[in-house]
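Participant: Have a look at the structure that comes next, please.
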Amino acid sequence: MSASRAVVALVLATGCQVLNTPVYFNGPAPLETGGTDDMGNPRPDATGSVVVKYRQPSQHEQQQIDADRQRLGFNVPWLRRDRLHSEILYSVKNLDTATGVFSVSVDGANEFTKYDEGAVAAAFKAQNQDPLALPLMRGGPEMLAPGATTQGTLREDDVVEASLDLYAIGSWMAPFAAVLINRSDVNPVGLEMVPKTAIVPAMFEFDVTFSADKHMTCEFLVRVRDDDDILYQDGDSLFSPQPATYAPMVPPAQP
Amino acid sequence: MPRPPFRLAVLAAAAAAAACSLLSAARVCAQVTDVPNPVIFPDPAKFARGLYTEGEIGALIFFGAAGDRIGPGVALGARVGYDVARWLALQAHAIGSTHETKFAGMPQAGQIIQLYQATAELKLTIRIVQTSIFLEGGGGLARLSTNLLETVGDSGQRNGLTAGGGAGIDYHSLSRHFSVGVRGGYFWLRDIKGSAQVTATAYLRYTF
């Protein structure tokens, strides 16, 4: 490639990146938790999900996926973490008359594996072990004054980390507690099995669980930057992966 | 009394000669009776006319429903036009502006959003020597960079129609090609619920 062509390509690439604009997906109705309801019962943690829709790969794109799969020798995703950049924006309002503490936990799925900390806890309970509740991502815990509103973001780098953890847990038998507790760029413990050449799948489902010790509401949005224009649009053929729910292998409790 | 040295005498004579020379020159100047007029009156007929381009920078402010949700932002734009007559021009205008969302207490707050507009415009000009006043108006397309307003129901789509107009003042330099000016415009945004925008920019124009 000549120098002038390289410069033009660089300028175009830079321009396209600058103009690459995000798309926002609303969460369902505001999540409400904490305090007691009209019947006097305590409100449970509230969960809402956003499933981001993508189109099917074209024939050429599918050929590329197949070629990558053959070259690497393991499953290659259509939704790639390096081409899809997501983050979760939330705002929390304390409706109570006292200061409270809240946290926002996020589970979710890539096209191969779905992670649900409730299912993980159930697997522990089934073996009479104390449940270990670890979300893929967490915001808070944070204190909030009565009547106050706060905003938070689980940034793109948080989602990048969660995507790697989910891939390692679901596809490479990584010990889930080790990878979820540790930040991979600080301590990559548990990721030894993940090949360096692996193409990490992006998360397409985000399950947000909101918990608080006082009456609060939470609204959230998922923001996606799509490098390759693969978000679903009317007329596209919908990509509908069926990820398997992750269940850890829990040994029976010792008597 | 000691006698002055010969070198000092020569210097004194030279200084006296120079002073006489300056005085005589001043006398020559004083003899010019027709003082040149320092003010130059350019002939507008000599200003370039025809195809022109403009680059502009300024601010864009939303009004209406969007005004409560999107803050003011920096705007950058460009025009390409053609002077059909001294008083009439047709022009194509593209402008982009970047804004931060407000949405108090909502997760949509603090996001960056851009508005891009492309319009075709008609421009009427009255020129008074170097200065001209103009009115312009037209319509075209507006595009939001994200679907953020859709998430709160303020907009049903990212692309929409826009129409409006404005006015400005242009000052032509003594160069045949360059002029500068300021303008303001009000544009209705059909597809952003109940909203409009006001733009104020300064521009540099080059006429070929």
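FYI, nothing fancy with the structure tokens labels: chains A, B, ... in order, residues from 1 per chain, ligands from 1 as they appear.
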Identify all chain B residues at most 12 Å from chain A by counting only C-alpha atoms; ligands do not count. Present them as a CSV table (one decimal) with N, CA and C atoms, in the first residue's frame.

Facilitator:
chain,number,residue,atom,x,y,z
B,96,GLY,N,-22.8,20.9,12.2
B,96,GLY,CA,-22.8,19.9,13.2
B,96,GLY,C,-22.6,20.6,14.6
B,98,THR,N,-22.3,19.7,19.0
B,98,THR,CA,-22.2,18.7,20.0
B,98,THR,C,-22.7,19.2,21.4
B,103,PHE,N,-31.2,15.8,31.4
B,103,PHE,CA,-32.1,14.7,32.0
B,103,PHE,C,-31.9,14.5,33.5
B,104,ALA,N,-32.3,15.5,34.3
B,104,ALA,CA,-32.0,15.4,35.8
B,104,ALA,C,-32.6,14.1,36.4
B,105,GLY,N,-31.7,13.5,37.1
B,105,GLY,CA,-32.1,12.3,37.8
B,105,GLY,C,-32.4,11.1,37.0
B,106,MET,N,-32.0,11.1,35.7
B,106,MET,CA,-32.2,9.9,34.9
B,106,MET,C,-30.9,9.4,34.3
B,107,PRO,N,-30.8,8.1,34.0
B,107,PRO,CA,-29.6,7.6,33.5
B,107,PRO,C,-29.1,8.2,32.2
B,108,GLN,N,-30.0,8.9,31.5
B,108,GLN,CA,-29.7,9.5,30.2
B,108,GLN,C,-28.8,10.8,30.4
B,109,ALA,N,-28.7,11.2,31.6
B,109,ALA,CA,-28.0,12.5,31.9
B,109,ALA,C,-26.5,12.3,31.6
B,110,GLY,N,-25.9,13.4,31.2
B,110,GLY,CA,-24.4,13.4,31.0
B,110,GLY,C,-23.9,12.8,29.8
B,111,GLN,N,-24.8,12.4,28.9
B,111,GLN,CA,-24.3,11.8,27.6
B,111,GLN,C,-24.0,12.9,26.6
B,112,ILE,N,-23.1,12.5,25.7
B,112,ILE,CA,-22.8,13.4,24.6
B,112,ILE,C,-23.6,13.1,23.4
B,113,ILE,N,-24.2,14.1,22.8
B,113,ILE,CA,-25.0,13.9,21.6
B,113,ILE,C,-24.7,14.9,20.6
B,114,GLN,N,-24.7,14.5,19.3
B,114,GLN,CA,-24.5,15.5,18.2
B,114,GLN,C,-25.7,15.7,17.4
B,115,LEU,N,-25.9,16.9,16.9
B,115,LEU,CA,-27.0,17.2,15.9
B,115,LEU,C,-26.3,17.6,14.6
B,116,TYR,N,-26.6,16.9,13.5
B,116,TYR,CA,-26.1,17.3,12.2
B,116,TYR,C,-27.3,17.8,11.3
B,143,ARG,N,-30.2,15.2,11.7
B,143,ARG,CA,-29.9,13.9,12.2
B,143,ARG,C,-29.3,13.9,13.6
B,144,LEU,N,-29.8,13.2,14.5
B,144,LEU,CA,-29.2,13.1,15.8
B,144,LEU,C,-28.2,11.9,15.8
B,145,SER,N,-27.1,12.0,16.5
B,145,SER,CA,-26.1,11.0,16.5
B,145,SER,C,-26.5,9.8,17.2
B,146,THR,N,-27.4,9.9,18.2
B,146,THR,CA,-27.8,8.7,18.9
B,146,THR,C,-29.3,8.7,19.0
B,147,ASN,N,-29.8,7.5,19.5
B,147,ASN,CA,-31.3,7.4,19.7
B,147,ASN,C,-31.7,7.8,21.2
B,148,LEU,N,-30.9,8.6,21.8
B,148,LEU,CA,-31.1,8.8,23.3
B,148,LEU,C,-32.5,9.5,23.5
B,149,LEU,N,-32.9,10.4,22.6
B,149,LEU,CA,-34.2,11.1,22.8
B,149,LEU,C,-35.3,10.1,22.6
B,150,GLU,N,-35.1,9.0,21.8
B,150,GLU,CA,-36.1,8.0,21.6
B,150,GLU,C,-36.4,7.3,22.9
B,151,THR,N,-35.3,7.1,23.8
B,151,THR,CA,-35.5,6.4,25.0
B,151,THR,C,-36.4,7.1,26.0
B,152,VAL,N,-36.6,8.4,25.8
B,152,VAL,CA,-37.5,9.1,26.7
B,152,VAL,C,-38.8,9.6,25.9
B,153,GLY,N,-38.9,9.2,24.7
B,153,GLY,CA,-40.1,9.5,24.0
B,153,GLY,C,-40.1,10.9,23.3
B,158,ARG,N,-34.1,9.1,14.5
B,158,ARG,CA,-32.9,9.9,14.5
B,158,ARG,C,-32.9,10.9,13.4

Participant: Find the residues near Asp66 in chain A: any atom within 10 Å, counting only C-alpha atoms, skip ones fewer than 4 places away on the same chain, and give them as a list in words.

Facilitator: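 With the cut-off at 10 Å, the set is His60, Glu61, Gln62, Gln70, Arg71, Leu72, Asn75, Val76 and Pro77 of chain A.
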
Participant: Keeping C-alpha atoms, export the residues of the selection given above as a short mmCIF file (atom, residue, chain, number, x, y, z; two decimals), in the first residue's frame.

Facilitator:
data_model
loop_
_atom_site.label_atom_id
_atom_site.label_comp_id
_atom_site.auth_asym_id
_atom_site.auth_seq_id
_atom_site.Cartn_x
_atom_site.Cartn_y
_atom_site.Cartn_z
CA HIS A 60 -19.50 -13.80 3.78
CA GLU A 61 -19.35 -13.07 7.52
CA GLN A 62 -20.34 -16.67 8.33
CA GLN A 70 -11.08 -23.96 11.60
CA ARG A 71 -7.86 -22.00 12.02
CA LEU A 72 -8.10 -21.70 15.80
CA ASN A 75 -15.66 -21.96 18.82
CA VAL A 76 -15.56 -18.44 17.43
CA PRO A 77 -18.37 -15.99 18.27
#

Participant: To test your reading of the structure, identify every residue in range 26-165 of chain B that backbone DSSP assigns to strand (DSSP E or B), and report it as a PyMOL selection string.

Facilitator: chain B and resi 51-64+70+73-85+88-101+112-128+131-144+155+159-165

Participant: Could the residues in this selection be saved with C-alpha atoms as a PDB file, in the first residue's frame?

Facilitator:
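See part_10.pdb below for the written result:
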ATOM      1  CA  LEU B  51     -19.332  30.749  -6.271  1.00  0.00           C
ATOM      2  CA  TYR B  52     -18.427  31.118  -2.600  1.00  0.00           C
ATOM      3  CA  THR B  53     -17.646  29.047   0.456  1.00  0.00           C
ATOM      4  CA  GLU B  54     -17.976  29.824   4.131  1.00  0.00           C
ATOM      5  CA  GLY B  55     -16.671  28.256   7.310  1.00  0.00           C
ATOM      6  CA  GLU B  56     -18.398  29.079  10.559  1.00  0.00           C
ATOM      7  CA  ILE B  57     -18.083  28.470  14.277  1.00  0.00           C
ATOM      8  CA  GLY B  58     -20.472  29.352  17.045  1.00  0.00           C
ATOM      9  CA  ALA B  59     -23.057  28.006  19.431  1.00  0.00           C
ATOM     10  CA  LEU B  60     -26.326  26.162  19.098  1.00  0.00           C
ATOM     11  CA  ILE B  61     -29.043  26.238  21.743  1.00  0.00           C
ATOM     12  CA  PHE B  62     -32.141  24.063  21.852  1.00  0.00           C
ATOM     13  CA  PHE B  63     -35.545  25.422  22.746  1.00  0.00           C
ATOM     14  CA  GLY B  64     -38.786  23.665  23.573  1.00  0.00           C
ATOM     15  CA  ILE B  70     -29.969  19.027  25.981  1.00  0.00           C
ATOM     16  CA  GLY B  73     -23.149  23.249  22.396  1.00  0.00           C
ATOM     17  CA  VAL B  74     -20.402  24.276  20.032  1.00  0.00           C
ATOM     18  CA  ALA B  75     -21.372  24.337  16.360  1.00  0.00           C
ATOM     19  CA  LEU B  76     -19.141  24.033  13.302  1.00  0.00           C
ATOM     20  CA  GLY B  77     -20.500  24.525   9.833  1.00  0.00           C
ATOM     21  CA  ALA B  78     -19.780  25.175   6.183  1.00  0.00           C
ATOM     22  CA  ARG B  79     -21.664  26.678   3.269  1.00  0.00           C
ATOM     23  CA  VAL B  80     -21.253  26.509  -0.454  1.00  0.00           C
ATOM     24  CA  GLY B  81     -23.273  29.000  -2.420  1.00  0.00           C
ATOM     25  CA  TYR B  82     -23.667  30.892  -5.632  1.00  0.00           C
ATOM     26  CA  ASP B  83     -24.542  34.550  -6.102  1.00  0.00           C
ATOM     27  CA  VAL B  84     -27.273  34.500  -8.699  1.00  0.00           C
ATOM     28  CA  ALA B  85     -27.477  38.291  -8.475  1.00  0.00           C
ATOM     29  CA  LEU B  88     -29.758  36.920  -4.292  1.00  0.00           C
ATOM     30  CA  ALA B  89     -27.850  33.723  -3.597  1.00  0.00           C
ATOM     31  CA  LEU B  90     -28.564  30.028  -3.329  1.00  0.00           C
ATOM     32  CA  GLN B  91     -26.562  28.038  -0.815  1.00  0.00           C
ATOM     33  CA  ALA B  92     -26.127  24.603   0.680  1.00  0.00           C
ATOM     34  CA  HIS B  93     -25.413  24.518   4.384  1.00  0.00           C
ATOM     35  CA  ALA B  94     -24.064  21.774   6.634  1.00  0.00           C
ATOM     36  CA  ILE B  95     -23.608  22.249  10.361  1.00  0.00           C
ATOM     37  CA  GLY B  96     -22.842  19.924  13.239  1.00  0.00           C
ATOM     38  CA  SER B  97     -23.042  20.657  16.927  1.00  0.00           C
ATOM     39  CA  THR B  98     -22.170  18.692  20.017  1.00  0.00           C
ATOM     40  CA  HIS B  99     -24.096  18.786  23.288  1.00  0.00           C
ATOM     41  CA  GLU B 100     -24.305  17.255  26.727  1.00  0.00           C
ATOM     42  CA  THR B 101     -27.642  15.917  27.896  1.00  0.00           C
ATOM     43  CA  ILE B 112     -22.778  13.438  24.589  1.00  0.00           C
ATOM     44  CA  ILE B 113     -25.043  13.855  21.589  1.00  0.00           C
ATOM     45  CA  GLN B 114     -24.493  15.516  18.232  1.00  0.00           C
ATOM     46  CA  LEU B 115     -26.960  17.179  15.904  1.00  0.00           C
ATOM     47  CA  TYR B 116     -26.115  17.269  12.193  1.00  0.00           C
ATOM     48  CA  GLN B 117     -28.112  19.430   9.798  1.00  0.00           C
ATOM     49  CA  ALA B 118     -27.996  19.848   6.045  1.00  0.00           C
ATOM     50  CA  THR B 119     -30.179  22.496   4.451  1.00  0.00           C
ATOM     51  CA  ALA B 120     -30.740  24.257   1.148  1.00  0.00           C
ATOM     52  CA  GLU B 121     -31.164  28.002   1.590  1.00  0.00           C
ATOM     53  CA  LEU B 122     -32.088  31.190  -0.218  1.00  0.00           C
ATOM     54  CA  LYS B 123     -30.235  34.360   0.764  1.00  0.00           C
ATOM     55  CA  LEU B 124     -31.251  37.986   0.184  1.00  0.00           C
ATOM     56  CA  THR B 125     -28.590  40.667   0.603  1.00  0.00           C
ATOM     57  CA  ILE B 126     -28.544  44.450   0.839  1.00  0.00           C
ATOM     58  CA  ARG B 127     -25.028  45.857   0.413  1.00  0.00           C
ATOM     59  CA  ILE B 128     -23.881  49.246   1.685  1.00  0.00           C
ATOM     60  CA  THR B 131     -21.080  46.091   4.814  1.00  0.00           C
ATOM     61  CA  SER B 132     -24.100  44.062   3.907  1.00  0.00           C
ATOM     62  CA  ILE B 133     -27.133  42.833   5.747  1.00  0.00           C
ATOM     63  CA  PHE B 134     -28.737  39.591   4.729  1.00  0.00           C
ATOM     64  CA  LEU B 135     -31.760  37.423   5.376  1.00  0.00           C
ATOM     65  CA  GLU B 136     -31.741  33.731   4.615  1.00  0.00           C
ATOM     66  CA  GLY B 137     -33.992  30.739   5.042  1.00  0.00           C
ATOM     67  CA  GLY B 138     -34.539  27.195   3.907  1.00  0.00           C
ATOM     68  CA  GLY B 139     -35.096  23.635   4.935  1.00  0.00           C
ATOM     69  CA  GLY B 140     -33.511  20.237   4.974  1.00  0.00           C
ATOM     70  CA  LEU B 141     -32.605  17.283   7.107  1.00  0.00           C
ATOM     71  CA  ALA B 142     -31.515  16.941  10.720  1.00  0.00           C
ATOM     72  CA  ARG B 143     -29.928  13.862  12.226  1.00  0.00           C
ATOM     73  CA  LEU B 144     -29.192  13.060  15.838  1.00  0.00           C
ATOM     74  CA  SER B 155     -38.214  11.686  19.294  1.00  0.00           C
ATOM     75  CA  ASN B 159     -33.548  11.510  11.135  1.00  0.00           C
ATOM     76  CA  GLY B 160     -35.996  14.353  10.724  1.00  0.00           C
ATOM     77  CA  LEU B 161     -36.867  17.538   8.925  1.00  0.00           C
ATOM     78  CA  THR B 162     -35.798  21.033   9.804  1.00  0.00           C
ATOM     79  CA  ALA B 163     -36.784  24.441   8.436  1.00  0.00           C
ATOM     80  CA  GLY B 164     -36.200  28.032   9.415  1.00  0.00           C
ATOM     81  CA  GLY B 165     -34.235  31.143   8.728  1.00  0.00           C
TER      82      GLY B 165
END

Participant: Take CA of Ser211 in chain A and CA of Gln242 in chain A and report the distance between them in Å, one decimal.

Facilitator: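 Result for CA of Ser211 in chain A versus CA of Gln242 in chain A: 28.0 Å, one decimal.
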
Participant: For CA of Arg138 in chain A and CA of Ile230 in chain A, determine how far apart the two atoms are, in Å to one decimal place.

Facilitator: 27.5 Å

Participant: Which residues come within 9 Å of Leu166 in chain A, counting only C-alpha atoms, excluding same-chain residues fewer than 5 positions away, as JSON, numbers by chain?

Facilitator: {"A": [108, 109, 110, 113, 114, 115, 136, 161, 171, 176, 179, 180, 201, 203]}

Participant: Please produce a file of the residues just selected, as a tab-separated table (two decimals), in the first residue's frame, where the atoms kept are C-alpha atoms.

Facilitator:
chain	number	residue	atom	x	y	z
A	108	GLY	CA	-25.88	-11.73	31.64
A	109	ALA	CA	-25.07	-13.85	28.67
A	110	ASN	CA	-22.87	-14.19	25.67
A	113	THR	CA	-23.16	-19.09	28.13
A	114	LYS	CA	-25.64	-17.41	30.40
A	115	TYR	CA	-24.54	-16.56	33.93
A	136	LEU	CA	-20.41	-10.57	36.77
A	161	GLU	CA	-13.73	-7.71	32.09
A	171	SER	CA	-16.12	-22.10	27.64
A	176	PHE	CA	-15.93	-18.83	38.59
A	179	VAL	CA	-12.12	-15.00	37.88
A	180	LEU	CA	-15.05	-12.95	39.18
A	201	PRO	CA	-17.54	-13.10	22.77
A	203	MET	CA	-22.33	-9.96	26.10

Participant: Using only C-alpha atoms, which of B:Leu189, B:Val182, B:Ala200, B:Ala45 sits nearest Ile169 in chain B?

Facilitator: B:Val182

Participant: Which residues come within 12 Å of Lys46 in chain B, counting only C-alpha atoms, excluding same-chain residues fewer than 4 positions away, as a ChimeraX atom specification?

Facilitator: /B:41-42,86,129-130,172-177,207

Participant: Nearest to Trp172 in chain A among A:Met216, A:Tyr246, A:Ser240, A:Pro146, with distances taken over only C-alpha atoms: which residue is it?

Facilitator: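 Result for the nearest residue to Trp172 in chain A: A:Tyr246.
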
Participant: For CA of Ala174 in chain A and CA of Ile65 in chain A, determine how far apart the two atoms are, in Å to one decimal place.

Facilitator: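 Distance reported for this atom pair: 24.2 Å.
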
Participant: Report as a PyMOL selection string: the residues of range 85-177 of chain A with a DSSP assignment of alpha helix (DSSP H), based on the backbone of this structure.

Facilitator: chain A and resi 117-126+156-172+176-177

Participant: For C-alpha atoms, I'd like the residues from the last selection saved as a PDB file, in the first residue's frame.

Facilitator:
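Written output follows (part.pdb):
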ATOM      1  CA  GLU A 117     -25.896 -15.842  40.201  1.00  0.00           C
ATOM      2  CA  GLY A 118     -29.241 -17.191  41.413  1.00  0.00           C
ATOM      3  CA  ALA A 119     -28.628 -20.427  39.497  1.00  0.00           C
ATOM      4  CA  VAL A 120     -25.098 -20.587  40.906  1.00  0.00           C
ATOM      5  CA  ALA A 121     -26.410 -20.105  44.437  1.00  0.00           C
ATOM      6  CA  ALA A 122     -29.016 -22.815  43.799  1.00  0.00           C
ATOM      7  CA  ALA A 123     -26.257 -25.225  42.717  1.00  0.00           C
ATOM      8  CA  PHE A 124     -24.518 -24.642  46.042  1.00  0.00           C
ATOM      9  CA  LYS A 125     -27.747 -25.033  47.988  1.00  0.00           C
ATOM     10  CA  ALA A 126     -28.446 -28.293  46.190  1.00  0.00           C
ATOM     11  CA  GLU A 156     -17.027  -0.353  28.918  1.00  0.00           C
ATOM     12  CA  ASP A 157     -13.928  -1.672  30.661  1.00  0.00           C
ATOM     13  CA  ASP A 158     -16.113  -3.276  33.342  1.00  0.00           C
ATOM     14  CA  VAL A 159     -18.105  -5.029  30.618  1.00  0.00           C
ATOM     15  CA  VAL A 160     -14.876  -6.045  28.872  1.00  0.00           C
ATOM     16  CA  GLU A 161     -13.732  -7.707  32.086  1.00  0.00           C
ATOM     17  CA  ALA A 162     -17.123  -9.345  32.683  1.00  0.00           C
ATOM     18  CA  SER A 163     -17.151 -10.665  29.105  1.00  0.00           C
ATOM     19  CA  LEU A 164     -13.754 -12.283  29.567  1.00  0.00           C
ATOM     20  CA  ASP A 165     -14.808 -13.787  32.896  1.00  0.00           C
ATOM     21  CA  LEU A 166     -18.013 -15.181  31.402  1.00  0.00           C
ATOM     22  CA  TYR A 167     -16.141 -16.651  28.450  1.00  0.00           C
ATOM     23  CA  ALA A 168     -13.545 -18.236  30.719  1.00  0.00           C
ATOM     24  CA  ILE A 169     -16.204 -19.679  33.028  1.00  0.00           C
ATOM     25  CA  GLY A 170     -18.510 -20.935  30.323  1.00  0.00           C
ATOM     26  CA  SER A 171     -16.123 -22.104  27.636  1.00  0.00           C
ATOM     27  CA  TRP A 172     -12.842 -22.867  29.397  1.00  0.00           C
ATOM     28  CA  PHE A 176     -15.929 -18.827  38.591  1.00  0.00           C
ATOM     29  CA  ALA A 177     -15.129 -17.372  42.002  1.00  0.00           C
TER      30      ALA A 177
END
